[in-house]
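Everything below belongs to data_2.txt, which stores compact mmCIF, C-alpha atoms.
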# COMPACT_ATOMS: atom_id res chain seq x y z
CA MET A 1018 -152.15 56.70 196.86
CA LEU A 1019 -150.43 59.35 194.74
CA ASN A 1020 -147.79 56.86 193.54
CA LYS A 1021 -150.49 54.36 192.56
CA LEU A 1022 -152.26 57.07 190.57
CA LYS A 1023 -149.02 58.04 188.78
CA LYS A 1024 -148.35 54.40 187.89
CA ALA A 1025 -151.90 54.01 186.58
CA VAL A 1026 -151.48 57.10 184.37
CA ILE A 1027 -148.15 55.78 183.06
CA ARG A 1028 -149.71 52.37 182.25
CA LEU A 1029 -152.60 54.10 180.47
CA LYS A 1030 -150.23 56.22 178.40
CA HIS A 1031 -148.18 53.15 177.57
CA ARG A 1032 -151.23 51.18 176.40
CA THR A 1033 -152.44 54.17 174.36
CA MET A 1034 -149.03 54.46 172.69
CA ILE A 1035 -148.98 50.74 171.87
CA ARG A 1036 -152.51 50.88 170.40
CA SER A 1037 -151.52 53.93 168.34
CA ARG A 1038 -148.44 52.18 166.97
CA ILE A 1039 -150.40 49.04 166.11
CA LYS A 1040 -153.02 51.12 164.33
CA LEU A 1041 -150.31 53.00 162.40
CA TYR A 1042 -148.60 49.73 161.45
CA PHE A 1043 -151.73 48.27 159.88
CA GLN A 1044 -152.61 51.60 158.27
CA ASN A 1045 -149.18 51.79 156.59
CA LYS A 1046 -149.43 48.14 155.59
CA ARG A 1047 -152.74 48.83 153.85
CA ILE A 1048 -151.35 51.95 152.13
CA ASN A 1049 -148.31 50.08 150.83
CA LYS A 1050 -150.58 47.32 149.49
CA ASP A 1051 -152.65 49.93 147.64
CA LEU A 1052 -149.51 51.61 146.27
CA ARG A 1053 -148.18 48.31 144.91
CA GLU A 1054 -151.47 47.58 143.18
CA MET A 1055 -151.71 51.09 141.69
CA ASN A 1056 -148.12 51.98 140.80
CA LEU A 1057 -146.16 48.81 140.09
CA ALA A 1058 -147.25 48.83 136.44
CA TRP A 1059 -145.43 52.18 135.95
CA LYS A 1060 -142.00 50.73 136.76
CA ASN A 1061 -139.43 51.56 134.02
CA ILE A 1062 -142.02 52.10 131.26
CA TYR A 1063 -139.93 55.04 129.94
CA ASP A 1064 -136.58 53.35 130.45
CA GLY A 1065 -133.70 55.33 128.97
CA LYS A 1066 -135.78 58.36 127.91
CA ARG A 1067 -135.14 62.00 128.78
CA CYS A 1068 -137.63 64.33 130.44
CA PHE A 1069 -138.02 67.97 131.43
CA MET A 1070 -139.06 69.16 134.91
CA ILE A 1071 -140.67 72.58 134.46
CA GLY A 1072 -141.18 74.85 137.47
CA THR A 1073 -142.95 78.20 137.47
CA GLY A 1074 -140.02 80.63 137.78
CA PRO A 1075 -139.97 83.97 135.88
CA SER A 1076 -137.17 82.82 133.57
CA LEU A 1077 -139.80 80.79 131.69
CA LYS A 1078 -141.06 84.06 130.20
CA ASP A 1079 -137.81 84.31 128.21
CA GLN A 1080 -137.66 80.70 127.03
CA ASP A 1081 -139.56 79.23 124.08
CA LEU A 1082 -141.26 76.29 125.77
CA THR A 1083 -143.18 75.35 122.64
CA LEU A 1084 -140.00 73.53 121.63
CA LEU A 1085 -140.93 70.96 124.28
CA LYS A 1086 -144.24 69.97 122.73
CA ASP A 1087 -142.90 66.55 121.68
CA GLU A 1088 -140.88 65.94 124.85
CA TYR A 1089 -141.79 64.19 128.10
CA THR A 1090 -142.60 67.10 130.41
CA PHE A 1091 -143.47 67.25 134.12
CA VAL A 1092 -145.20 70.40 135.38
CA ALA A 1093 -146.77 71.35 138.70
CA ASN A 1094 -149.27 73.59 140.48
CA GLY A 1095 -149.70 76.93 138.69
CA PHE A 1096 -148.06 75.94 135.40
CA TYR A 1097 -151.49 75.60 133.79
CA LEU A 1098 -151.44 79.44 133.68
CA HIS A 1099 -148.62 79.46 131.14
CA PRO A 1100 -149.78 81.00 127.82
CA ASP A 1101 -148.31 78.07 125.86
CA TYR A 1102 -149.72 75.37 128.11
CA ASP A 1103 -151.87 73.80 125.40
CA VAL A 1104 -149.03 73.81 122.87
CA ILE A 1105 -146.56 72.26 125.32
CA HIS A 1106 -149.20 69.67 126.24
CA PRO A 1107 -147.49 68.42 129.41
CA LYS A 1108 -147.28 64.64 129.79
CA PHE A 1109 -147.39 64.80 133.61
CA PHE A 1110 -149.04 67.26 136.02
CA ALA A 1111 -148.18 67.15 139.74
CA SER A 1112 -149.74 68.74 142.79
CA ILE A 1113 -148.34 67.04 145.86
CA ASP A 1114 -148.88 69.35 148.82
CA PRO A 1115 -151.94 68.11 150.77
CA ILE A 1116 -152.85 71.74 151.52
CA GLY A 1117 -153.94 71.99 147.88
CA PHE A 1118 -156.68 69.42 148.56
CA ASP A 1119 -158.41 71.09 151.50
CA GLU A 1120 -162.14 71.76 151.35
CA ASP A 1121 -162.01 75.57 151.39
CA ARG A 1122 -163.28 77.64 148.48
CA GLU A 1123 -159.85 78.49 147.02
CA THR A 1124 -158.59 74.92 146.85
CA ARG A 1125 -161.89 73.62 145.49
CA LYS A 1126 -161.68 76.20 142.72
CA PHE A 1127 -158.03 75.28 142.06
CA LEU A 1128 -158.81 71.56 141.73
CA GLU A 1129 -161.84 72.15 139.53
CA THR A 1130 -159.77 74.44 137.29
CA ILE A 1131 -156.90 72.02 136.75
CA SER A 1132 -159.34 69.12 136.35
CA GLU A 1133 -160.85 71.01 133.42
CA LYS A 1134 -157.55 72.40 132.14
CA ILE A 1135 -155.23 69.40 131.93
CA HIS A 1136 -155.49 67.24 128.84
CA SER A 1137 -157.08 63.80 128.95
CA ASP A 1138 -153.77 62.05 128.16
CA THR A 1139 -151.86 63.93 130.88
CA VAL A 1140 -150.91 61.73 133.82
CA ALA A 1141 -151.75 63.40 137.15
CA ILE A 1142 -149.57 62.95 140.25
CA PHE A 1143 -151.39 63.51 143.55
CA PRO A 1144 -151.04 62.63 147.24
CA TYR A 1145 -152.59 59.33 148.28
CA GLN A 1146 -154.59 61.02 151.05
CA ALA A 1147 -156.45 63.04 148.39
CA LYS A 1148 -157.66 59.94 146.53
CA GLU A 1149 -160.99 59.68 148.33
CA LYS A 1150 -161.76 63.41 147.87
CA ILE A 1151 -160.90 63.30 144.17
CA GLU A 1152 -163.06 60.26 143.52
CA ARG A 1153 -165.95 61.56 145.64
CA ARG A 1154 -166.02 64.83 143.69
CA GLY A 1155 -165.62 63.14 140.31
CA LEU A 1156 -162.47 65.07 139.44
CA PHE A 1157 -159.82 63.98 136.91
CA SER A 1158 -162.05 61.11 135.76
CA LYS A 1159 -160.47 61.28 132.29
CA ASN A 1160 -156.87 61.06 133.55
CA LYS A 1161 -154.57 58.30 134.68
CA ILE A 1162 -153.39 59.15 138.20
CA ILE A 1163 -150.24 58.22 140.08
CA TYR A 1164 -150.79 58.50 143.82
CA LEU A 1165 -147.86 59.06 146.20
CA SER A 1166 -147.88 58.47 149.92
CA GLN A 1167 -145.31 60.47 151.89
CA ASP A 1168 -144.42 59.26 155.36
CA LYS A 1169 -141.77 60.53 157.81
CA LEU A 1170 -139.94 63.82 157.47
CA PHE A 1171 -136.99 63.92 155.09
CA ARG A 1172 -133.56 63.78 156.69
CA ASP A 1173 -130.06 63.64 155.25
CA ASP A 1174 -129.25 60.43 157.11
CA LEU A 1175 -132.58 58.71 156.44
CA ASN A 1176 -132.25 55.45 154.55
CA PHE A 1177 -135.42 56.18 152.64
CA ASN A 1178 -137.19 54.45 149.80
CA LEU A 1179 -137.41 55.96 146.30
CA ASP A 1180 -139.84 53.46 144.78
CA ILE A 1181 -143.36 54.87 144.49
CA ASP A 1182 -144.91 51.41 144.94
CA LYS A 1183 -144.15 52.04 148.63
CA GLN A 1184 -144.24 55.11 150.87
CA ILE A 1185 -141.60 57.77 150.29
CA PRO A 1186 -140.47 60.50 152.73
CA VAL A 1187 -142.05 63.95 152.87
CA LEU A 1188 -139.91 65.98 150.46
CA PRO A 1189 -139.51 69.76 150.90
CA ASN A 1190 -140.10 71.14 147.38
CA SER A 1191 -142.78 70.61 144.74
CA VAL A 1192 -140.27 69.35 142.15
CA HIS A 1193 -138.78 66.60 144.34
CA ALA A 1194 -141.74 64.20 144.14
CA PRO A 1195 -141.99 64.44 140.31
CA MET A 1196 -138.25 63.71 140.15
CA VAL A 1197 -138.81 60.59 142.25
CA VAL A 1198 -141.68 59.57 139.94
CA ALA A 1199 -139.55 60.13 136.82
CA ASN A 1200 -136.79 58.01 138.33
CA TYR A 1201 -139.26 55.18 139.01
CA LEU A 1202 -140.63 55.43 135.47
CA GLY A 1203 -137.12 54.84 134.11
CA PHE A 1204 -136.12 58.25 132.77
CA LYS A 1205 -132.31 58.47 132.67
CA THR A 1206 -131.84 62.18 131.92
CA MET A 1207 -133.71 65.02 133.63
CA TYR A 1208 -133.55 68.70 132.73
CA LEU A 1209 -134.80 71.40 135.12
CA LEU A 1210 -136.36 74.67 133.93
CA GLY A 1211 -138.01 77.57 135.74
CA MET A 1212 -136.30 76.70 139.02
CA GLU A 1213 -134.54 79.84 140.25
CA HIS A 1214 -134.67 78.74 143.90
CA ASP A 1215 -134.05 82.35 144.90
CA TRP A 1216 -136.59 82.46 147.73
CA LEU A 1217 -134.25 84.01 150.28
CA THR A 1218 -133.50 87.00 148.02
CA ARG A 1219 -137.13 88.16 147.83
CA ARG A 1220 -139.25 89.40 150.73
CA SER A 1221 -142.54 91.21 151.22
CA SER A 1222 -142.20 94.96 151.68
CA THR A 1223 -145.05 94.89 154.20
CA PRO A 1224 -143.53 94.41 157.70
CA GLU A 1225 -146.69 92.93 159.21
CA VAL A 1226 -146.84 90.23 156.47
CA PRO A 1227 -143.26 88.92 156.37
CA TYR A 1228 -143.69 86.10 153.89
CA LEU A 1229 -141.17 85.26 151.20
CA LEU A 1230 -142.04 86.38 147.69
CA ASP A 1231 -141.73 83.23 145.59
CA SER A 1232 -141.25 84.51 142.04
CA HIS A 1233 -143.27 83.09 139.14
CA PHE A 1234 -143.93 83.70 135.47
CA TYR A 1235 -147.49 84.64 136.48
CA GLU A 1236 -148.81 87.29 138.85
CA GLU A 1237 -149.53 86.14 142.40
CA ASP A 1238 -153.25 86.97 142.28
CA GLU A 1239 -153.68 84.72 139.20
CA PHE A 1240 -153.07 81.58 141.26
CA PRO A 1241 -156.14 81.04 143.50
CA VAL A 1242 -154.40 79.09 146.29
CA MET A 1243 -151.24 81.22 146.47
CA PRO A 1244 -152.14 82.77 149.87
CA LEU A 1245 -152.16 79.26 151.38
CA PHE A 1246 -148.54 78.68 150.32
CA ARG A 1247 -147.12 81.89 151.79
CA ILE A 1248 -144.43 81.26 154.35
CA ILE A 1249 -145.15 83.53 157.32
CA THR A 1250 -142.28 82.51 159.58
CA PRO A 1251 -139.10 84.09 160.97
CA TYR A 1252 -136.35 84.50 158.41
CA GLU A 1253 -134.15 82.03 160.30
CA LYS A 1254 -136.80 79.35 159.77
CA GLN A 1255 -137.10 80.33 156.14
CA CYS A 1256 -133.34 79.84 155.75
CA GLU A 1257 -133.71 76.37 157.26
CA ASN A 1258 -136.54 75.54 154.85
CA ALA A 1259 -134.38 76.61 151.91
CA ARG A 1260 -131.45 74.57 153.25
CA MET A 1261 -133.66 71.48 153.43
CA ALA A 1262 -134.81 71.99 149.83
CA PHE A 1263 -131.23 72.23 148.56
CA GLN A 1264 -130.23 69.28 150.76
CA ALA A 1265 -133.02 67.15 149.29
CA HIS A 1266 -131.81 67.94 145.77
CA ARG A 1267 -128.29 66.83 146.73
CA VAL A 1268 -129.47 63.60 148.38
CA LEU A 1269 -131.71 62.73 145.43
CA LYS A 1270 -128.77 63.29 143.11
CA GLU A 1271 -126.64 60.96 145.24
CA LYS A 1272 -129.33 58.25 145.32
CA MET A 1273 -130.26 58.45 141.62
CA THR A 1274 -126.87 57.14 140.59
CA ASP A 1275 -127.85 56.12 137.05
CA VAL A 1276 -129.72 59.36 136.25
CA LYS A 1277 -128.12 62.49 134.79
CA ILE A 1278 -129.71 65.73 136.01
CA TYR A 1279 -129.00 69.19 134.58
CA ASN A 1280 -130.28 72.67 135.43
CA LEU A 1281 -131.32 74.76 132.43
CA THR A 1282 -132.60 77.72 134.49
CA PRO A 1283 -130.75 81.01 133.77
CA GLY A 1284 -129.57 82.76 136.95
CA SER A 1285 -130.60 79.84 139.17
CA TYR A 1286 -129.17 79.40 142.66
CA LEU A 1287 -129.66 75.64 142.38
CA ASP A 1288 -126.04 74.66 141.76
CA VAL A 1289 -126.45 71.10 143.04
CA PHE A 1290 -126.73 70.02 139.40
CA PRO A 1291 -124.45 71.03 136.51
CA PHE A 1292 -125.79 73.81 134.30
CA LYS A 1293 -126.50 73.61 130.59
CA LYS A 1294 -128.06 75.98 128.07
CA TYR A 1295 -131.66 75.24 127.15
CA GLU A 1296 -131.04 75.98 123.47
CA ASP A 1297 -128.13 73.54 123.32
CA VAL A 1298 -130.14 70.73 124.92
CA ILE A 1299 -133.01 71.20 122.47
CA LYS A 1300 -130.59 70.67 119.60
CA GLU A 1301 -129.34 67.39 121.08
CA LYS A 1302 -130.86 64.12 119.97
CA LYS A 1303 -133.46 62.66 122.29

Structure rendered as structure tokens:
Amino acid sequence: MLNKLKKAVIRLKHRTMIRSRIKLYFQNKRINKDLREMNLAWKNIYDGKRCFMIGTGPSLKDQDLTLLKDEYTFVANGFYLHPDYDVIHPKFFASIDPIGFDEDRETRKFLETISEKIHSDTVAIFPYQAKEKIERRGLFSKNKIIYLSQDKLFRDDLNFNLDIDKQIPVLPNSVHAPMVVANYLGFKTMYLLGMEHDWLTRRSSTPEVPYLLDSHFYEEDEFPVMPLFRIITPYEKQCENARMAFQAHRVLKEKMTDVKIYNLTPGSYLDVFPFKKYEDVIKEKK
């Protein structure tokens, strides 16, 4: 009797697993169809151009970003707090982490703020799973939006797709997805600013709240959803998270074979890409 019961449980689990996989297959098929319809028109429309990926690191306080007002610029998350945001007039604004689209008060305020703040000709880059929430709340109605669907965790040995008209892997850092988008759009030179990547060198002085202090050009309490992004994990895990971020940069560099990528961030730990001086790049012809 006991053996029959065990076999019945195993059969039930097996059927449940099969149903789950079938459901996931058709769900992914539908998502990829939507992505093709939404994103295929963006393929190579900026072929051969250069662009600037701007983070939120403190080094931005010492760089004149108004010099980028006529450049193709990608920014993310809290960059709208920069005092020269309106002068720079970013061409692309990304917020990829699904946690930024939750229904709590902080994230609702964050989305409403950037919906009002970003310019009407700025292209927004958001996660596909936030599409229904954005449309239901009437946010970003004046903007063109590129939706990304991230599926499967990033791994060094993963033969993953880089085309945004299909699902891409879950990438560890907020700049990775915009880099993938820029590659799809045809940009052939990317410059990184405000990307110190010095997370492991900064830590909270409060023992009971051992999160890493991610440094920015703005104060932490200025960014309404900052508490949601704090990493409250053992330092060993934090080291692994940092390793994955650096690894993803290296793998993207290896896969984007026809794209030149340079780091313009003073004092940055991100040595995956060759360094250049911001001032020298600005003087170069576009």

Checklist entry - Using only C-alpha atoms, which of A:Asp1288, A:Asp1180, A:Asp1215, A:Asp1275 sits nearest A:Gly1065? => result A:Asp1275

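What separates atom CA of A:Gly1211 from atom CA of A:Ala1262 is a distance of 15.5 Å.
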
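Among the candidate residues A:Leu1052, A:Leu1209, A:Met1070, A:Val1276, the one lying nearest to A:Ile1163 is A:Leu1052, with distances computed using all atoms listed in the file.
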
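Separating atom CA of A:Asp1081 from atom CA of A:Lys1300 is a distance of 13.2 Å.
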
Checklist entry - Neighbours of stretch 1193-1201 of chain A within 7 Å (all atoms listed in the file; same-chain residues fewer than 6 positions away dropped), as a ChimeraX atom specification? => result /A:1060-1061,1091,1111,1179-1181

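Counting from atom CA of A:Tyr1208, the distance to atom CA of A:Phe1177 is 23.6 Å.
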